[in-house]
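> Encoded as structure tokens, here's the structure I'll be asking about.
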Amino acid sequence: TKEIIPIEQIAQEYSIPEESAMKILANNDQYVIVGKFLVSKIKAHNLEGLLEGITKFIEACSLLAQNNIPESCHAELISILGYDVVWEGLDARKATIVKHK
């Protein structure tokens with residue numbers, strides 16, 4: 001019922017290595033693995049709708065942060081949601097996101 005679950009928490013709860021937990025959870029139909037977290041597919045779908053019209057990577061990250069997505073997951077989740085991050089150097093403020101075709 002949680003929207004975001006650290007895989008570390010699941011591994012500790014069942015006394016198994018995180019890598020094993022990730023392999024077991026990879027076949028889950030209710031969550032998507034993003035970095036070291038599970039994000040509910042419902043939340044991911046809602047975020048996909050919220051990203052429509054956003055072109056700046058930093059704005060997309062801000063939106064994800066407002067929705068409690070850990071910073072370490074931002075770029076990967078943006079990609080999972082169907083966007084490419086286009087970098088203009090190392091400055092994240094200049095990066096843009098473009099929907100896959």
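By convention here, the chains of the structure tokens are called A, B, ... in the order presented, each chain's residues are numbered starting at 1, and ligands are numbered starting at 1 in the order presented.
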Can you list, as an NGL selection string, every protein, DNA or RNA residue that comes within 12 Å of A:Lys41 when you count only C-alpha atoms, leaving out same-chain residues fewer than 5 positions away?

:A and (1-4 or 28-34 or 46-48 or 77 or 80-81)

> Skipping near chain neighbours, those fewer than 4 positions away, what residues fall within 12 Å of stretch 8-14 of chain A using only C-alpha atoms, listed as a VMD selection string?

chain A and resid 4 18 to 25 35 to 38

> Atom CA of A:Leu51 to atom CA of A:Tyr83: how many Å, to one decimal?

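So the answer is 9.5 Å.
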
> Which parts of chain A does DSSP call alpha helix (DSSP H) when run on the backbone here, written out as a ChimeraX atom specification?

/A:7-14,18-25,41-51,57-66,74-80

> With distances taken over only C-alpha atoms, which of A:Leu63, A:Leu50, A:Ile69, A:Ile58 is nearest to A:Lys94?

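Ranking A:Leu63, A:Leu50, A:Ile69, A:Ile58 by distance to A:Lys94, first place goes to A:Ile58.
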
> If we count only C-alpha atoms and set the cut-off at 10 Å, which residues sit around A:Cys61, ignoring sequence neighbours fewer than 3 positions away in its own chain? Please answer as a PyMOL selection string.

chain A and resi 51+56-58+64-67+69-71+73-75+77-78+92

> Between atom CA of A:Ile97 and atom CA of A:Ile54, measure the distance and give it in Å to one decimal.

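Rounded to one decimal, the two atoms are 7.6 Å apart.
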
> Taking only C-alpha atoms into account, which of A:Asn68, A:Ala95, A:Ala44, A:Ile16 comes nearest A:Gly82?

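Smallest separation from A:Gly82 among the options: A:Ala44.
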
> Would you work out the distance separating atom CA of A:Asn27 from atom CA of A:Ile7, expressed in Å to one decimal?

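We find that atom CA of A:Asn27 and atom CA of A:Ile7 lie 14.0 Å from each other.
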